[in-house]
Amino acid sequence: MRQTASKRVLVTGGAGFLGSHLCERLLAEGCEVLCVDNYFTGSRSNVAHLLDHPRFETMRHDVTFPLYVEVDEIYNLACPASPVHYQHDPVQTTKTSVLGAINMLGLAKRLKARILQASTSEVYGDPFVHPQPEGYWGHVNPIGPRACYDEGKRCAETLFFDYHRQHGLEIKVVRIFNTYGPRMHPNDGRVVSNFIMQALRGEPITIYGDGSQTRSFCYVDDLIDGFLALMASPAAVTGPINIGNPGEFTIRELAETVIALTGSRSRLVHRPLPRDDPKQRRPDIAAAREVLGWQPKVPLEQGLKRTIAHFDTLLGGRALRAAAE
Ligand code: NAD
Ligand code: UDP
Ligand code: UDP
């Protein structure tokens with residue numbers, strides 16, 4: 001028999017970068033947390049510090065298969081997120097987004113549970129409208145190397161809205177823009193983790209293309225605040241809603257900032273730009289400000305310092321000391 005009256009929350013992809021921060025936050029808020037993950041890109045070490053928590057439970061499961069559990073709320077985060085990882089097995093990536101969404105929506109329907117989908121700024125593709133508001137339908141190549149992720153996530157959004165219209169499900173769709181912070185996978189090929197690891201190791205910093213393409217980087221704590229605000233919002237608020245930091249930087253600027261903050265002697269080198277790499281990306285967060293009263297608080301330099309400290313610890317804590325000497 002259940003001993004407590006706390007809310008039972010399922011987090012799929014809970015052992016990943018964002019998922020582990022979300023599990024931590026939900027526990028701090030007093031929830032019971034069920035972390036479901038197949039450990040494709042996530043790891044048990046991301047949630048190792050939570051394993052002894054009396055309200056925390058983990059389950060190895062692939063969301064492309066049905067899941068029968070009893071919970072009050074669902075956060076659906078399961079899906080590899082970095083281009084290197086999602087292109088490793090593109091068919092599985094689409095299956096995870098599409099079949100995973102169907103199964104989690106079926107679960108939510110049976111339980112009459114609120115369900116939040118971790119969608120992405122990738123639904124805007126290589127955008128013609130800048131910054132991107134939620135009303136923009138996007139510019140996505142349906143057959144390119146990024147399509148398994150972009151179209152999978154777009155189809156998941158379709159499913160969420162059809163379950164909402166057809167079955168009256170309470171849905172929340174959040175479009176996440178590039179997010180960074182401690183517990184990012186050090187080898188996932190994403191720009192923030194790559195640049196920090198390269199800088200700390202004194203290796204060349206790999207700029208793809210001429211580095212003039214832009215991204216907007218949101219610190220993980222700010223993003224999790226946005227998740228919780230959206231989940232707690234009135235039923236009529238379905239999203240999709242952009243959550244991200246509107247500060248926009250070129251990739252070259254990011255490289256220079258990382259070098260400055262680490263004191264690294266790494267030099268910049270150029271590598272070919274991957275196909276379909278979006279040239280610019282910046283969220284329009286007017287809706288998040290207005291509807292959720294949310295906006296990011298952590299400036300890039302501050303967030304990068306915390307992330308650098310995390311990666312430095314992973315590397316044994318020597319790189320920053322050496323640079324300071
Ligand atoms: P991540 O790779 O660290 O986490 C994804 C987690 O999902 C991992 O733990 C992985 O093992 C798990 N997973 C993958 N396939 C699964 C499956 N079939 N069944 C069960 N678990 C599975 O990535 P992240 O950055 O934490 O991203 C989390 C979510 O947020 C993803 O849905 C991603 O698309 C979305 N998102 C992230 C960003 C970002 O910048 N981090 C941006 C946009 C969207
Ligand atoms: N499903 C699940 N857990 C549940 C209920 C459903 O994983 O508790 C899955 C099930 O595999 C189903 C899918 O969700 O195929 C969609 O469910 P829905 O009720 O919408 O459709 P149907 O059962 O008619 O296929
Ligand atoms: N990028 C780069 N060097 C790297 C990794 C990425 O210049 O070592 C660039 C990449 O081409 C893209 C941007 O940084 O323009 C962000 O890449 P990431 O893979 O982090 O995310 P996404 O392209 O999905 O936004």
# chains A, B, ... in the order shown; residues from 1 in each chain; ligands from 1
$ residues_around --residues "region 34-45 of chain A" --least-positions-apart "6" --cutoff "9 Å" --atoms "only C-alpha atoms" --output "ChimeraX atom specification"
/A:8-17,19-20,23,55-63,71,78-81,85,185,188
$ write_last_selection --atoms "N, CA, C and O atoms" --output "compact mmCIF listing (two decimals), in the first residue's frame"
# COMPACT_ATOMS: atom_id res chain seq x y z
N ARG A 8 3.05 11.00 -7.91
CA ARG A 8 3.94 10.02 -8.55
C ARG A 8 4.24 10.49 -9.97
O ARG A 8 3.31 10.67 -10.77
N VAL A 9 5.51 10.69 -10.24
CA VAL A 9 5.88 11.26 -11.53
C VAL A 9 6.81 10.31 -12.29
O VAL A 9 7.81 9.84 -11.74
N LEU A 10 6.45 10.05 -13.54
CA LEU A 10 7.30 9.24 -14.42
C LEU A 10 8.16 10.17 -15.27
O LEU A 10 7.65 11.11 -15.87
N VAL A 11 9.47 9.91 -15.29
CA VAL A 11 10.37 10.65 -16.17
C VAL A 11 11.01 9.64 -17.12
O VAL A 11 11.83 8.82 -16.70
N THR A 12 10.62 9.67 -18.40
CA THR A 12 11.31 8.79 -19.36
C THR A 12 12.57 9.51 -19.82
O THR A 12 12.58 10.73 -19.95
N GLY A 13 13.64 8.74 -20.02
CA GLY A 13 14.93 9.37 -20.31
C GLY A 13 15.50 10.01 -19.05
O GLY A 13 16.33 10.92 -19.12
N GLY A 14 15.08 9.49 -17.90
CA GLY A 14 15.43 10.09 -16.61
C GLY A 14 16.90 9.97 -16.24
O GLY A 14 17.37 10.69 -15.36
N ALA A 15 17.62 9.05 -16.90
CA ALA A 15 19.05 8.90 -16.58
C ALA A 15 19.92 9.69 -17.55
O ALA A 15 21.15 9.54 -17.56
N GLY A 16 19.30 10.53 -18.37
CA GLY A 16 20.06 11.38 -19.29
C GLY A 16 20.44 12.69 -18.64
O GLY A 16 20.22 12.89 -17.44
N PHE A 17 20.98 13.57 -19.45
CA PHE A 17 21.44 14.87 -18.95
C PHE A 17 20.27 15.66 -18.34
O PHE A 17 20.26 15.92 -17.12
N GLY A 19 17.12 14.71 -17.95
CA GLY A 19 16.27 13.86 -17.12
C GLY A 19 16.79 13.75 -15.70
O GLY A 19 16.01 13.79 -14.73
N SER A 20 18.12 13.63 -15.55
CA SER A 20 18.67 13.47 -14.19
C SER A 20 18.47 14.74 -13.38
O SER A 20 18.16 14.69 -12.18
N CYS A 23 14.74 14.72 -12.41
CA CYS A 23 14.45 13.78 -11.30
C CYS A 23 14.86 14.40 -9.96
O CYS A 23 14.10 14.36 -8.99
N ARG A 55 12.11 8.07 -2.20
CA ARG A 55 11.03 8.31 -3.18
C ARG A 55 11.50 8.14 -4.62
O ARG A 55 10.82 8.57 -5.54
N PHE A 56 12.67 7.52 -4.80
CA PHE A 56 13.22 7.39 -6.17
C PHE A 56 13.33 5.92 -6.58
O PHE A 56 13.74 5.08 -5.80
N GLU A 57 12.94 5.65 -7.83
CA GLU A 57 13.01 4.28 -8.34
C GLU A 57 13.45 4.33 -9.81
O GLU A 57 13.04 5.22 -10.55
N THR A 58 14.28 3.37 -10.22
CA THR A 58 14.66 3.33 -11.63
C THR A 58 14.16 2.03 -12.27
O THR A 58 13.98 1.02 -11.60
N MET A 59 13.96 2.10 -13.58
CA MET A 59 13.48 0.93 -14.31
C MET A 59 14.14 0.94 -15.69
O MET A 59 14.06 1.95 -16.40
N ARG A 60 14.80 -0.17 -16.04
CA ARG A 60 15.38 -0.26 -17.40
C ARG A 60 14.28 -0.67 -18.37
O ARG A 60 13.69 -1.75 -18.24
N HIS A 61 13.99 0.20 -19.31
CA HIS A 61 12.89 -0.07 -20.24
C HIS A 61 13.07 0.79 -21.48
O HIS A 61 13.50 1.93 -21.40
N ASP A 62 12.70 0.23 -22.63
CA ASP A 62 12.75 0.97 -23.89
C ASP A 62 11.33 1.45 -24.21
O ASP A 62 10.41 0.63 -24.34
N VAL A 63 11.16 2.75 -24.36
CA VAL A 63 9.80 3.30 -24.52
C VAL A 63 9.14 2.93 -25.86
O VAL A 63 7.96 3.22 -26.05
N VAL A 71 1.06 6.13 -12.42
CA VAL A 71 1.63 7.43 -12.03
C VAL A 71 0.58 8.53 -12.23
O VAL A 71 -0.46 8.30 -12.83
N ALA A 78 12.61 10.66 -23.19
CA ALA A 78 13.44 9.60 -23.79
C ALA A 78 13.68 9.88 -25.27
O ALA A 78 12.73 9.95 -26.05
N CYS A 79 14.92 10.04 -25.64
CA CYS A 79 15.34 10.24 -27.04
C CYS A 79 16.78 10.75 -27.02
O CYS A 79 17.08 11.68 -26.28
N PRO A 80 17.65 10.14 -27.82
CA PRO A 80 19.00 10.72 -27.90
C PRO A 80 18.90 12.13 -28.46
O PRO A 80 18.07 12.40 -29.33
N ALA A 81 19.74 13.04 -27.98
CA ALA A 81 19.57 14.46 -28.32
C ALA A 81 20.70 15.05 -29.15
O ALA A 81 20.51 16.07 -29.81
N HIS A 85 24.75 11.10 -31.56
CA HIS A 85 24.00 9.98 -30.99
C HIS A 85 22.74 9.65 -31.78
O HIS A 85 22.45 8.49 -32.03
N HIS A 185 26.82 14.68 -21.62
CA HIS A 185 27.71 13.59 -21.98
C HIS A 185 29.01 14.18 -22.53
O HIS A 185 28.97 14.98 -23.47
N ASP A 188 29.48 13.51 -26.44
CA ASP A 188 28.28 13.44 -27.29
C ASP A 188 28.40 14.31 -28.54
O ASP A 188 27.48 14.37 -29.35
$ residues_near_ligand --ligand "ligand 2" --cutoff "10 Å" --atoms "only C-alpha atoms and all ligand atoms" --output "list in words"
Val63, Thr64, Phe65, Pro66, Leu67, Tyr68, Val69, Glu70, Val71, Leu99, Gly100, Ala101, Ile102, Asn103, Met104, Leu105, Gly106, Leu107, Ala108, Lys109, Arg110, Leu111, Leu159, Tyr163, Gln166 and His167 of chain A
$ closest_residue --among "A:Asp277, A:Glu248, A:Val191, A:Ala232" --to "His139 (chain A)" --atoms "only C-alpha atoms"
A:Asp277
$ residues_around --residues "Lys153 (chain A)" --least-positions-apart "2" --cutoff "10 Å" --atoms "only C-alpha atoms" --output "ChimeraX atom specification"
/A:79,93-94,96-98,101,117-123,147-151,155-159,175
$ residues_near_ligand --ligand "ligand 3" --cutoff "7 Å" --atoms "only C-alpha atoms and all ligand atoms" --output "list in words"
Ser82, Pro83, Asn178, Gly189, Arg190, Val191, Val192, Asn194, Phe195, Ile205, Thr206, Ile207, Tyr208, Gly209, Gly211, Gln213, Thr214, Arg215, Ile251, Leu273, Pro274, Asp277, Pro278 and Lys279 of chain A
$ closest_residue --among "A:Tyr180, A:Trp294, A:Phe128, A:Phe160" --to "ligand 1" --atoms "only C-alpha atoms and all ligand atoms"
A:Tyr180
$ select_by_dssp --residues "region 39-278 of chain A" --states "alpha helix (DSSP H)" --output "PyMOL selection string"
chain A and resi 44-47+83-86+90-111+147-167+191-201+220-231+251-262
$ atom_distance --atom1 "CA of Lys172 (chain A)" --atom2 "CA of Pro145 (chain A)"
27.7 Å
$ atom_distance --atom1 "CA of Tyr124 (chain A)" --atom2 "CA of Arg282 (chain A)"
10.5 Å
$ atom_distance --atom1 "CA of Arg306 (chain A)" --atom2 "CA of Ala229 (chain A)"
23.6 Å
